[in-house]
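K.L.:
Just one file: upload-v6.txt, with compact mmCIF, C-alpha atoms and all ligand atoms.
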# COMPACT_ATOMS: atom_id res chain seq x y z
CA MET A 1 2.82 30.74 8.10
CA ALA A 2 0.88 28.00 9.91
CA LEU A 3 2.80 26.18 12.62
CA THR A 4 1.85 22.74 13.96
CA ILE A 5 3.64 21.74 17.16
CA LEU A 6 2.85 18.35 18.70
CA LYS A 7 4.26 17.33 22.09
CA GLY A 8 4.50 13.74 23.33
CA ASN A 9 6.65 10.62 23.17
CA ILE A 10 7.81 10.73 19.57
CA VAL A 11 8.89 7.49 17.87
CA SER A 12 10.02 7.35 14.25
CA ALA A 13 11.75 4.85 11.94
CA PRO A 14 14.59 6.64 10.13
CA ARG A 15 16.27 3.41 8.97
CA LEU A 16 15.34 -0.25 8.61
CA GLY A 17 15.55 -1.71 12.11
CA GLN A 18 16.08 1.60 13.92
CA LEU A 19 13.53 3.40 16.07
CA ASP A 20 14.35 6.92 17.26
CA VAL A 21 12.63 7.90 20.51
CA THR A 22 12.29 11.45 21.85
CA GLU A 23 10.42 11.32 25.14
CA GLY A 24 8.43 14.46 25.86
CA GLY A 25 9.64 15.87 22.55
CA TYR A 26 8.25 18.35 20.02
CA LEU A 27 7.35 17.54 16.41
CA VAL A 28 7.25 20.82 14.50
CA ALA A 29 5.81 21.48 11.03
CA ARG A 30 5.29 24.68 9.09
CA ASP A 31 2.66 24.83 6.37
CA GLY A 32 2.42 21.04 6.54
CA MET A 33 6.17 20.46 6.10
CA ILE A 34 8.17 18.90 8.92
CA LEU A 35 10.89 21.14 10.37
CA GLY A 36 12.15 18.59 12.87
CA VAL A 37 11.81 16.65 16.10
CA PHE A 38 13.26 18.50 19.10
CA PRO A 39 13.82 17.41 22.73
CA GLN A 40 13.16 21.03 23.80
CA LEU A 41 11.11 23.62 21.98
CA PRO A 42 13.53 25.82 20.00
CA ALA A 43 13.54 29.50 21.01
CA GLU A 44 12.07 30.63 17.69
CA PHE A 45 8.84 28.75 18.44
CA GLN A 46 8.45 29.95 22.05
CA GLY A 47 4.98 31.33 22.58
CA ALA A 48 3.47 29.37 19.67
CA PHE A 49 0.51 27.06 20.33
CA VAL A 50 1.59 23.56 21.36
CA GLU A 51 -0.79 20.58 21.25
CA ASP A 52 0.32 18.58 24.26
CA PHE A 53 -0.51 14.85 24.08
CA GLY A 54 1.13 14.10 27.41
CA GLY A 55 2.44 10.53 27.57
CA ASP A 56 0.85 9.44 24.28
CA LEU A 57 2.98 8.10 21.45
CA ILE A 58 3.35 10.32 18.37
CA VAL A 59 4.35 8.13 15.42
CA GLN A 60 4.37 8.20 11.62
CA ALA A 61 1.11 7.40 9.87
CA PHE A 62 0.89 4.24 7.73
CA SER A 63 1.20 3.76 3.98
CA ASP A 64 -0.89 0.91 2.53
CA MET A 65 0.83 0.27 -0.78
CA HIS A 66 -1.60 -2.28 -2.23
CA LEU A 67 -5.35 -2.65 -1.78
CA HIS A 68 -8.46 -3.05 -3.92
CA ALA A 69 -11.09 -0.47 -2.98
CA PRO A 70 -14.01 -2.25 -4.73
CA GLN A 71 -13.28 -5.44 -2.80
CA TYR A 72 -14.02 -3.72 0.53
CA PRO A 73 -17.63 -5.03 0.59
CA MET A 74 -16.35 -8.63 0.59
CA LEU A 75 -13.86 -8.05 3.39
CA ALA A 76 -13.14 -11.18 5.44
CA THR A 77 -15.32 -13.46 3.32
CA GLY A 78 -14.71 -15.98 0.52
CA MET A 79 -11.21 -17.17 1.32
CA ASP A 80 -11.76 -20.81 0.42
CA LEU A 81 -10.36 -20.69 -3.13
CA PRO A 82 -6.94 -20.17 -4.70
CA LEU A 83 -6.26 -16.92 -6.57
CA LEU A 84 -7.65 -17.53 -10.07
CA ASP A 85 -10.87 -19.21 -8.89
CA TRP A 86 -11.19 -16.62 -6.13
CA LEU A 87 -11.04 -13.81 -8.70
CA ASN A 88 -13.79 -15.32 -10.86
CA THR A 89 -16.02 -16.46 -8.01
CA TYR A 90 -15.77 -13.57 -5.57
CA ALA A 91 -13.67 -10.60 -6.66
CA PHE A 92 -15.01 -9.93 -10.17
CA PRO A 93 -18.74 -10.10 -9.21
CA THR A 94 -18.06 -7.81 -6.24
CA GLU A 95 -16.22 -5.28 -8.40
CA ALA A 96 -19.01 -5.40 -11.02
CA ARG A 97 -21.33 -3.65 -8.57
CA PHE A 98 -19.29 -0.47 -8.93
CA ALA A 99 -21.01 0.31 -12.21
CA ASP A 100 -23.56 1.84 -9.79
CA ARG A 101 -22.35 5.29 -8.78
CA ASP A 102 -24.50 5.57 -5.66
CA TYR A 103 -23.27 2.24 -4.41
CA ALA A 104 -19.69 3.32 -5.12
CA ARG A 105 -20.19 6.59 -3.23
CA ALA A 106 -21.53 4.83 -0.13
CA VAL A 107 -18.82 2.14 0.00
CA TYR A 108 -15.95 4.50 -0.78
CA ARG A 109 -17.03 7.07 1.80
CA THR A 110 -16.89 4.34 4.47
CA LEU A 111 -13.57 3.00 3.18
CA ALA A 112 -11.94 6.44 3.21
CA ARG A 113 -13.09 7.13 6.77
CA ASP A 114 -11.96 3.70 7.93
CA LEU A 115 -8.50 4.24 6.45
CA ILE A 116 -8.04 7.50 8.35
CA ALA A 117 -9.47 6.00 11.56
CA GLY A 118 -6.79 3.30 11.34
CA GLY A 119 -3.99 5.81 10.78
CA THR A 120 -3.45 5.12 7.06
CA THR A 121 -2.90 8.43 5.26
CA ARG A 122 -1.14 7.25 2.10
CA VAL A 123 -2.19 4.56 -0.32
CA CYS A 124 -1.37 2.97 -3.63
CA MET A 125 -4.77 1.65 -4.56
CA PHE A 126 -6.65 -0.29 -7.26
CA SER A 127 -10.12 0.86 -8.20
CA SER A 128 -12.30 -1.17 -10.59
CA LEU A 129 -12.46 -0.73 -14.36
CA HIS A 130 -15.24 1.88 -13.96
CA THR A 131 -14.06 5.43 -14.64
CA ASP A 132 -16.90 7.18 -12.81
CA ALA A 133 -16.55 5.03 -9.71
CA THR A 134 -12.79 5.62 -9.77
CA LEU A 135 -13.34 9.38 -9.74
CA ILE A 136 -15.86 8.97 -6.91
CA LEU A 137 -13.25 6.95 -5.01
CA MET A 138 -10.72 9.74 -5.49
CA GLU A 139 -13.25 12.35 -4.32
CA GLU A 140 -14.02 10.40 -1.18
CA LEU A 141 -10.36 9.76 -0.38
CA GLU A 142 -9.55 13.43 -0.86
CA ARG A 143 -12.47 14.48 1.32
CA ALA A 144 -11.32 12.19 4.15
CA GLY A 145 -7.67 13.22 3.81
CA VAL A 146 -6.18 10.08 2.26
CA THR A 147 -3.38 10.88 -0.20
CA GLY A 148 -1.32 8.90 -2.72
CA PHE A 149 -2.05 7.00 -5.92
CA VAL A 150 -5.25 5.51 -7.33
CA GLY A 151 -5.65 3.55 -10.55
CA LYS A 152 -8.56 2.81 -12.83
CA VAL A 153 -8.09 -0.89 -13.52
CA ASN A 154 -7.43 -2.04 -17.10
CA MET A 155 -8.68 -5.53 -17.98
CA ASP A 156 -9.64 -6.26 -21.58
CA ARG A 157 -9.41 -10.08 -21.54
CA ASN A 158 -10.10 -13.04 -19.25
CA SER A 159 -12.52 -10.99 -17.18
CA ALA A 160 -16.20 -11.71 -16.42
CA PRO A 161 -18.24 -11.61 -19.64
CA GLY A 162 -21.45 -9.63 -19.33
CA LEU A 163 -20.58 -8.63 -15.80
CA LEU A 164 -17.18 -6.98 -15.60
CA GLU A 165 -15.49 -6.44 -18.94
CA GLU A 166 -14.20 -3.78 -21.29
CA THR A 167 -12.97 -3.94 -24.87
CA THR A 168 -9.46 -2.79 -25.72
CA GLU A 169 -10.86 0.38 -27.27
CA GLU A 170 -13.07 1.11 -24.24
CA SER A 171 -10.17 0.52 -21.91
CA LYS A 172 -7.95 2.97 -23.81
CA ARG A 173 -10.65 5.61 -24.18
CA GLU A 174 -11.77 5.40 -20.55
CA THR A 175 -8.18 5.57 -19.32
CA LEU A 176 -7.68 8.83 -21.23
CA ARG A 177 -10.98 10.23 -19.93
CA TRP A 178 -10.04 9.28 -16.39
CA LEU A 179 -6.56 10.83 -16.68
CA GLU A 180 -8.05 14.10 -17.88
CA ALA A 181 -10.36 14.26 -14.85
CA CYS A 182 -7.48 13.49 -12.47
CA ALA A 183 -6.14 17.03 -12.96
CA ASP A 184 -8.83 18.19 -10.51
CA PHE A 185 -7.26 16.40 -7.52
CA ARG A 186 -4.60 17.76 -5.21
CA GLY A 187 -3.52 14.98 -2.90
CA LEU A 188 -4.28 12.06 -5.18
CA ARG A 189 -2.49 11.17 -8.36
CA PRO A 190 -3.20 8.63 -11.08
CA ILE A 191 -1.26 5.40 -11.43
CA LEU A 192 -1.62 3.16 -14.50
CA THR A 193 -3.10 -0.17 -13.45
CA PRO A 194 -3.00 -3.13 -15.82
CA ARG A 195 -4.69 -5.63 -13.45
CA PHE A 196 -2.10 -8.34 -14.17
CA THR A 197 -0.69 -9.85 -17.34
CA PRO A 198 -3.52 -12.38 -17.88
CA SER A 199 -6.07 -9.52 -17.80
CA CYS A 200 -4.53 -7.37 -20.54
CA THR A 201 -3.97 -7.90 -24.26
CA ASP A 202 -0.63 -7.01 -25.77
CA ALA A 203 -2.25 -4.03 -27.50
CA LEU A 204 -3.48 -2.65 -24.17
CA MET A 205 -0.17 -3.29 -22.41
CA ALA A 206 1.67 -1.47 -25.21
CA PHE A 207 -0.75 1.46 -24.97
CA LEU A 208 -0.24 1.73 -21.19
CA GLY A 209 3.53 1.45 -21.51
CA GLU A 210 3.53 4.28 -24.02
CA LEU A 211 1.32 6.40 -21.72
CA SER A 212 3.67 5.74 -18.82
CA ARG A 213 6.61 6.87 -20.93
CA THR A 214 5.11 9.94 -22.56
CA ARG A 215 3.29 11.24 -19.46
CA ASP A 216 5.79 10.04 -16.87
CA LEU A 217 3.09 8.05 -15.07
CA PRO A 218 3.69 5.39 -12.39
CA VAL A 219 2.48 1.81 -12.83
CA GLN A 220 1.07 -0.78 -10.43
CA SER A 221 0.25 -4.44 -10.98
CA HIS A 222 0.60 -7.97 -9.60
CA LEU A 223 3.63 -10.23 -10.01
CA SER A 224 4.37 -13.90 -9.26
CA GLU A 225 1.67 -14.26 -6.63
CA ASN A 226 0.54 -17.80 -7.31
CA ARG A 227 2.08 -20.76 -9.14
CA GLN A 228 -0.93 -21.40 -11.39
CA GLU A 229 -0.91 -17.74 -12.35
CA ILE A 230 2.79 -17.93 -13.25
CA GLN A 231 2.18 -20.98 -15.45
CA TRP A 232 -0.66 -19.19 -17.18
CA VAL A 233 1.52 -16.15 -17.87
CA ARG A 234 4.14 -18.47 -19.35
CA GLN A 235 1.55 -19.88 -21.76
CA LEU A 236 0.32 -16.42 -22.70
CA HIS A 237 3.84 -15.08 -23.34
CA PRO A 238 6.01 -17.97 -24.56
CA ASP A 239 8.64 -15.43 -25.63
CA CYS A 240 9.21 -14.39 -22.00
CA ARG A 241 11.26 -16.63 -19.75
CA GLN A 242 9.99 -14.90 -16.61
CA TYR A 243 6.82 -13.12 -15.54
CA TRP A 244 8.49 -9.73 -15.02
CA GLN A 245 9.54 -9.65 -18.66
CA THR A 246 5.87 -9.49 -19.72
CA TYR A 247 5.77 -6.04 -18.11
CA GLN A 248 9.24 -5.02 -19.20
CA LYS A 249 8.63 -5.69 -22.87
CA PHE A 250 5.83 -3.11 -22.89
CA GLY A 251 7.66 -0.36 -20.94
CA LEU A 252 5.85 -1.07 -17.67
CA TRP A 253 8.95 -2.01 -15.66
CA HIS A 254 10.83 0.96 -14.25
CA ASP A 255 11.55 2.97 -11.10
CA LYS A 256 7.95 4.18 -10.84
CA THR A 257 6.58 0.63 -10.94
CA VAL A 258 4.95 -1.04 -7.92
CA MET A 259 4.50 -4.81 -7.98
CA ALA A 260 2.32 -6.56 -5.41
CA HIS A 261 3.09 -9.98 -3.91
CA CYS A 262 6.29 -11.28 -5.64
CA VAL A 263 5.85 -14.43 -3.55
CA TRP A 264 7.57 -16.71 -6.06
CA SER A 265 10.05 -14.22 -7.55
CA ASP A 266 13.35 -16.09 -7.84
CA GLU A 267 16.82 -14.62 -7.68
CA GLU A 268 16.73 -13.50 -11.30
CA GLU A 269 13.34 -11.80 -10.98
CA ARG A 270 14.44 -10.12 -7.75
CA ARG A 271 17.60 -8.87 -9.42
CA ALA A 272 15.49 -7.45 -12.24
CA MET A 273 13.43 -5.57 -9.64
CA LYS A 274 16.52 -4.20 -7.97
CA GLU A 275 18.15 -3.12 -11.22
CA ALA A 276 15.02 -1.37 -12.47
CA GLY A 277 14.17 0.20 -9.08
CA VAL A 278 10.78 -1.54 -8.91
CA THR A 279 9.02 -1.31 -5.53
CA VAL A 280 7.76 -4.60 -4.05
CA VAL A 281 4.58 -4.71 -1.97
CA HIS A 282 4.48 -7.57 0.48
CA CYS A 283 0.90 -8.68 1.26
CA ALA A 284 1.26 -11.20 4.07
CA ASP A 285 -2.43 -11.60 5.01
CA SER A 286 -3.54 -12.12 1.44
CA ASN A 287 -0.73 -14.55 0.67
CA GLN A 288 -1.84 -16.69 3.57
CA ASN A 289 -5.60 -16.38 3.00
CA LEU A 290 -5.37 -17.43 -0.64
CA CYS A 291 -2.68 -20.02 0.10
CA SER A 292 -0.41 -18.21 -2.35
CA GLY A 293 2.80 -18.79 -0.42
CA VAL A 294 5.24 -17.11 1.97
CA ALA A 295 7.29 -14.35 0.32
CA PRO A 296 11.01 -14.18 1.18
CA VAL A 297 10.77 -10.63 2.50
CA ARG A 298 13.84 -10.63 4.71
CA LYS A 299 15.91 -11.96 1.82
CA MET A 300 14.58 -9.22 -0.46
CA LEU A 301 15.60 -6.61 2.09
CA ARG A 302 19.07 -8.10 2.43
CA GLU A 303 19.40 -7.97 -1.34
CA GLY A 304 18.61 -4.25 -1.24
CA LEU A 305 15.13 -4.25 -2.79
CA GLN A 306 12.56 -1.55 -2.01
CA VAL A 307 9.97 -3.48 0.01
CA THR A 308 6.73 -1.97 1.32
CA LEU A 309 3.56 -3.45 2.83
CA GLY A 310 -0.01 -3.75 1.60
CA SER A 311 -3.25 -4.96 3.13
CA ASP A 312 -4.37 -6.27 -0.30
CA VAL A 313 -7.97 -5.91 0.82
CA ALA A 314 -9.87 -8.09 0.17
CA GLY A 315 -7.44 -10.99 -0.39
CA GLY A 316 -6.25 -9.52 2.89
CA ASP A 317 -8.90 -9.60 5.61
CA SER A 318 -8.05 -6.39 7.43
CA LEU A 319 -7.63 -2.75 6.51
CA SER A 320 -5.66 -2.18 9.69
CA MET A 321 -1.96 -1.66 9.08
CA PHE A 322 -1.31 -2.69 12.70
CA GLN A 323 -2.59 -6.09 11.60
CA VAL A 324 -0.57 -5.95 8.36
CA VAL A 325 2.68 -5.16 10.20
CA ALA A 326 2.06 -7.96 12.71
CA SER A 327 1.21 -10.43 9.93
CA SER A 328 4.35 -9.50 8.01
CA ILE A 329 6.49 -10.22 11.04
CA ARG A 330 4.72 -13.54 11.56
CA ALA A 331 5.06 -14.46 7.88
CA SER A 332 8.79 -13.77 8.04
CA LYS A 333 9.02 -16.27 10.90
CA ALA A 334 7.09 -18.86 8.88
CA ARG A 335 9.58 -18.23 6.05
CA ARG A 336 12.43 -18.82 8.50
CA ILE A 337 10.93 -22.13 9.59
CA LEU A 338 10.39 -23.18 5.96
CA ASP A 339 14.00 -22.20 5.23
CA ASN A 340 15.34 -24.55 7.94
CA TRP A 341 16.11 -21.62 10.26
CA GLU A 342 18.64 -20.35 7.74
CA THR A 343 16.99 -16.98 7.03
CA ASP A 344 16.29 -14.10 9.42
CA PHE A 345 12.87 -12.85 10.47
CA LEU A 346 11.62 -9.26 10.67
CA THR A 347 12.00 -7.52 14.00
CA VAL A 348 9.22 -5.25 15.24
CA ALA A 349 11.32 -2.20 14.38
CA GLU A 350 11.78 -3.55 10.85
CA GLY A 351 8.09 -4.35 10.44
CA TRP A 352 7.18 -0.87 11.63
CA TYR A 353 9.63 0.68 9.16
CA LEU A 354 8.06 -1.30 6.31
CA GLY A 355 4.55 -0.13 7.23
CA THR A 356 5.53 3.52 7.58
CA SER A 357 8.88 4.74 6.25
CA ALA A 358 9.53 2.25 3.46
CA ALA A 359 7.01 3.88 1.14
CA ALA A 360 8.62 7.32 1.57
CA HIS A 361 10.95 6.57 -1.31
CA PHE A 362 8.01 6.02 -3.68
CA PHE A 363 6.46 9.31 -2.52
CA GLY A 364 9.72 11.18 -3.08
CA GLU A 365 10.45 11.65 0.63
CA LYS A 366 12.92 10.47 3.26
CA PRO A 367 12.25 7.84 5.94
CA GLY A 368 11.12 8.88 9.43
CA PHE A 369 10.03 12.38 10.49
CA ALA A 370 12.77 13.87 8.29
CA PRO A 371 12.82 17.65 7.83
CA GLY A 372 11.27 18.46 4.46
CA ASN A 373 8.75 15.59 4.59
CA ARG A 374 5.05 16.37 4.63
CA LEU A 375 3.49 15.81 8.06
CA HIS A 376 1.85 12.34 8.14
CA ALA A 377 1.51 11.43 11.79
CA MET A 378 -0.77 9.85 14.36
CA VAL A 379 -1.20 9.88 18.11
CA LEU A 380 -1.56 6.50 19.85
CA ARG A 381 -3.20 6.53 23.26
CA ASP A 382 -2.63 3.10 24.75
CA THR A 383 -3.53 3.93 28.35
CA ASP A 384 -6.94 2.26 27.99
CA LEU A 385 -5.49 -1.17 27.21
CA HIS A 386 -6.87 -3.91 29.36
CA THR A 387 -3.39 -5.01 30.40
CA PRO A 388 -1.80 -1.77 31.61
CA SER A 389 1.88 -1.83 32.41
CA HIS A 390 4.70 0.64 32.56
CA LEU A 391 6.64 0.13 29.37
CA ASP A 392 9.08 2.30 27.46
CA PRO A 393 7.88 3.84 24.16
CA LYS A 394 9.43 1.09 21.99
CA ALA A 395 7.74 -1.68 23.98
CA ARG A 396 4.47 0.26 23.86
CA LEU A 397 4.74 0.44 20.09
CA GLU A 398 5.42 -3.30 19.92
CA ARG A 399 2.35 -3.96 21.99
CA ALA A 400 0.22 -1.66 19.85
CA VAL A 401 1.29 -3.71 16.81
CA TYR A 402 0.76 -7.13 18.32
CA LEU A 403 -2.55 -6.21 19.97
CA ARG A 404 -3.60 -4.69 16.61
CA GLN A 405 -4.59 -1.59 18.54
CA LYS A 406 -6.26 0.44 15.86
CA ASP A 407 -8.64 1.74 18.50
CA CYS A 408 -5.78 3.60 20.14
CA VAL A 409 -5.43 5.98 17.15
CA ARG A 410 -6.60 9.25 18.72
CA ALA A 411 -5.48 11.87 16.21
CA VAL A 412 -4.19 11.83 12.63
CA TRP A 413 -2.46 14.38 10.38
CA SER A 414 -2.26 13.83 6.66
CA ASP A 415 -0.25 16.08 4.36
CA GLY A 416 -0.03 18.56 7.23
CA ARG A 417 -3.76 18.66 7.90
CA ARG A 418 -5.50 17.31 10.99
CA VAL A 419 -7.94 14.72 9.62
CA LEU A 420 -8.98 12.88 12.80
N1 LIG B 501 -4.28 -10.62 -9.31
C1 LIG B 501 -5.09 -10.02 -10.20
N2 LIG B 501 -6.11 -9.41 -9.60
C2 LIG B 501 -5.96 -9.62 -8.29
C3 LIG B 501 -6.72 -9.24 -7.13
O1 LIG B 501 -7.76 -8.58 -7.20
N3 LIG B 501 -6.24 -9.65 -5.93
C4 LIG B 501 -5.10 -10.37 -5.81
N4 LIG B 501 -4.69 -10.74 -4.61
N5 LIG B 501 -4.38 -10.76 -6.87
C5 LIG B 501 -4.81 -10.39 -8.09
FE FE B 502 -4.02 -7.38 -5.17
Will you turn the file into structure tokens for me?
Ligand code: GUN
Ligand code: FE
P.N.:
Amino acid sequence: MALTILKGNIVSAPRLGQLDVTEGGYLVARDGMILGVFPQLPAEFQGAFVEDFGGDLIVQAFSDMHLHAPQYPMLATGMDLPLLDWLNTYAFPTEARFADRDYARAVYRTLARDLIAGGTTRVCMFSSLHTDATLILMEELERAGVTGFVGKVNMDRNSAPGLLEETTEESKRETLRWLEACADFRGLRPILTPRFTPSCTDALMAFLGELSRTRDLPVQSHLSENRQEIQWVRQLHPDCRQYWQTYQKFGLWHDKTVMAHCVWSDEEERRAMKEAGVTVVHCADSNQNLCSGVAPVRKMLREGLQVTLGSDVAGGDSLSMFQVVASSIRASKARRILDNWETDFLTVAEGWYLGTSAAAHFFGEKPGFAPGNRLHAMVLRDTDLHTPSHLDPKARLERAVYLRQKDCVRAVWSDGRRVL
């Protein structure tokens, strides 16, 4: 029986908009599973080793629910084109380099370390179409302590001929080979990843839908990110009135489906997400960088959708979830302005919930530091900030978000294990 007891100012997000604060409290886990947050150490744990972080904040670690690992080398470059041109000009050539295993190893080792250093312990991630590089990515994430879902990308049409392409048969065969090798991982699980509707033939979509059904596998893709993209999907699938139906008709639209962006999803598409239990990933930085639009996130929340956040590296320019939370709050204010001040914006507490607790549902857990959850936590030491002031824990958290204080991450636990 291994006990972990962390002492400090504990802040968690048990509900959208609510922050629970336990000053000088104890966060207790046994064998990596949270037992609770206590204002005083319960008698049964007296005498056990306590890691005392003094006045530091102890908060939940982040979940980045949408990012492209093989786009990490192009981070913060090439943002001068809209989505479809951006893919062909920058993203596909960058991903093509991951045919080289050594290159993949070097980039993915850095990415995995950077995720943990920024307090991100759970991901829902796209790899490239390369099976070997995808397995290397999973090895490096596991080594660093990042958990969650990783997908070998499927793309058997409209890709980059001679550079980044696979036939339908190759895509099917490599997906099966990759899934077989995934059995070797503990903290990382496979997620089926048709890149987006324009990248996959009907035959491939049907194959993936059948795999999802027979093996109970989750699915991730992109939805209604850009208006040109939506028009293209309409041409490719004239039988579908809306984009989401191109996934639904192949069995890729269900309660283990994650859809990134959903910028232009109208009321009907949003209702379809709610009814199926599809998880939305809001990618505020990317949506702005690629001029995709401003997603109606607050409206989605009011309608009861499952909304999470993603960095969408490298449409997004930062791996830091502090940045992603701050950008999401800002984007919600831009949405409010565009909506003639008729919609609400995200509060800091709501933004923090979306970056941490909101993904718990997808991982089969409860929001906050709920008993029974695996321990995913980080310690924020903000005493070195250049503008010191005496603030309460909630205000300190707000400042950490707005100052994008990833440097104040001093310790991280992932799945119960200390990883930083
Ligand atoms: N749609 C299809 N592929 C991609 C990608 O790599 N990034 C983004 N932002 N959207 C996509
Ligand atoms: Fe993306």
K.L.:
Excluding segment 163-167 of chain A and residues on its chain fewer than 3 positions from it, collect all residues at most 9 Å away from it, counting all atoms listed in the file, and give them as a JSON list (two decimals) with C-alpha atoms, in the coordinates of the input.
P.N.:
[["chain", "number", "residue", "atom", "x", "y", "z"],
["A", 92, "PHE", "CA", -15.01, -9.93, -10.17],
["A", 93, "PRO", "CA", -18.74, -10.10, -9.21],
["A", 95, "GLU", "CA", -16.22, -5.28, -8.40],
["A", 96, "ALA", "CA", -19.01, -5.40, -11.02],
["A", 97, "ARG", "CA", -21.33, -3.65, -8.57],
["A", 99, "ALA", "CA", -21.01, 0.31, -12.21],
["A", 129, "LEU", "CA", -12.46, -0.73, -14.36],
["A", 154, "ASN", "CA", -7.43, -2.04, -17.10],
["A", 155, "MET", "CA", -8.68, -5.53, -17.98],
["A", 156, "ASP", "CA", -9.64, -6.26, -21.58],
["A", 157, "ARG", "CA", -9.41, -10.08, -21.54],
["A", 158, "ASN", "CA", -10.10, -13.04, -19.25],
["A", 159, "SER", "CA", -12.52, -10.99, -17.18],
["A", 160, "ALA", "CA", -16.20, -11.71, -16.42],
["A", 170, "GLU", "CA", -13.07, 1.11, -24.24],
["A", 171, "SER", "CA", -10.17, 0.52, -21.91],
["A", 172, "LYS", "CA", -7.95, 2.97, -23.81]]
K.L.:
To check your reading of the model: which residues sit at most 8 Å from ligand FE 502 (chain B) when counting only C-alpha atoms and all ligand atoms? Write the answer as a ChimeraX atom specification.
P.N.:
/A:66-68,126,221-222,260-261,312-315
K.L.:
My list of candidates is A:Ile116, A:Ala295, A:Ala360, A:Val50. Which is closest to Ser265 of chain A when distances are computed with all atoms listed in the file?
P.N.:
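Among the listed residues, the smallest separation from Ser265 of chain A belongs to A:Ala295.
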K.L.:
Select, from A:Leu252, A:Ala144, A:Leu135, A:Ala284, the residue with the minimum atom-to-atom distance to ligand LIG 501 (chain B), counting all atoms listed in the file.
P.N.:
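Among the listed residues, the smallest separation from ligand LIG 501 (chain B) belongs to A:Ala284.
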K.L.:
Suppose you want the space between atom CA of Ala112 of chain A and atom CA of Gln306 of chain A; what is it in Å?
P.N.:
26.3 Å
K.L.:
Could I get segment 274-286 of chain A from the block written as a compact mmCIF listing (two decimals), in the first residue's frame, with N, CA and C atoms?
P.N.:
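Output file decode-v1.txt is given in full below:
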# COMPACT_ATOMS: atom_id res chain seq x y z
N LYS A 274 -24.92 16.38 -28.88
CA LYS A 274 -25.46 16.16 -27.53
C LYS A 274 -26.16 14.80 -27.47
N GLU A 275 -26.97 14.52 -28.47
CA GLU A 275 -27.75 13.28 -28.44
C GLU A 275 -26.85 12.04 -28.52
N ALA A 276 -25.75 12.15 -29.27
CA ALA A 276 -24.86 10.99 -29.40
C ALA A 276 -23.84 10.91 -28.26
N GLY A 277 -23.67 12.01 -27.50
CA GLY A 277 -22.66 12.02 -26.44
C GLY A 277 -21.26 12.26 -26.98
N VAL A 278 -21.17 12.95 -28.11
CA VAL A 278 -19.87 13.28 -28.71
C VAL A 278 -19.19 14.38 -27.88
N THR A 279 -17.89 14.25 -27.67
CA THR A 279 -17.12 15.26 -26.94
C THR A 279 -16.54 16.27 -27.93
N VAL A 280 -16.76 17.56 -27.64
CA VAL A 280 -16.22 18.65 -28.47
C VAL A 280 -14.87 19.07 -27.91
N VAL A 281 -13.91 19.34 -28.79
CA VAL A 281 -12.66 19.96 -28.33
C VAL A 281 -12.55 21.34 -28.94
N HIS A 282 -12.56 22.32 -28.08
CA HIS A 282 -12.43 23.71 -28.49
C HIS A 282 -10.94 24.04 -28.61
N CYS A 283 -10.54 24.62 -29.76
CA CYS A 283 -9.13 24.90 -30.03
C CYS A 283 -8.98 26.38 -30.37
N ALA A 284 -9.02 27.21 -29.35
CA ALA A 284 -9.13 28.65 -29.55
C ALA A 284 -7.93 29.25 -30.29
N ASP A 285 -6.71 28.83 -29.92
CA ASP A 285 -5.52 29.41 -30.57
C ASP A 285 -5.51 29.09 -32.06
N SER A 286 -5.75 27.83 -32.36
CA SER A 286 -5.74 27.39 -33.75
C SER A 286 -6.82 28.09 -34.56
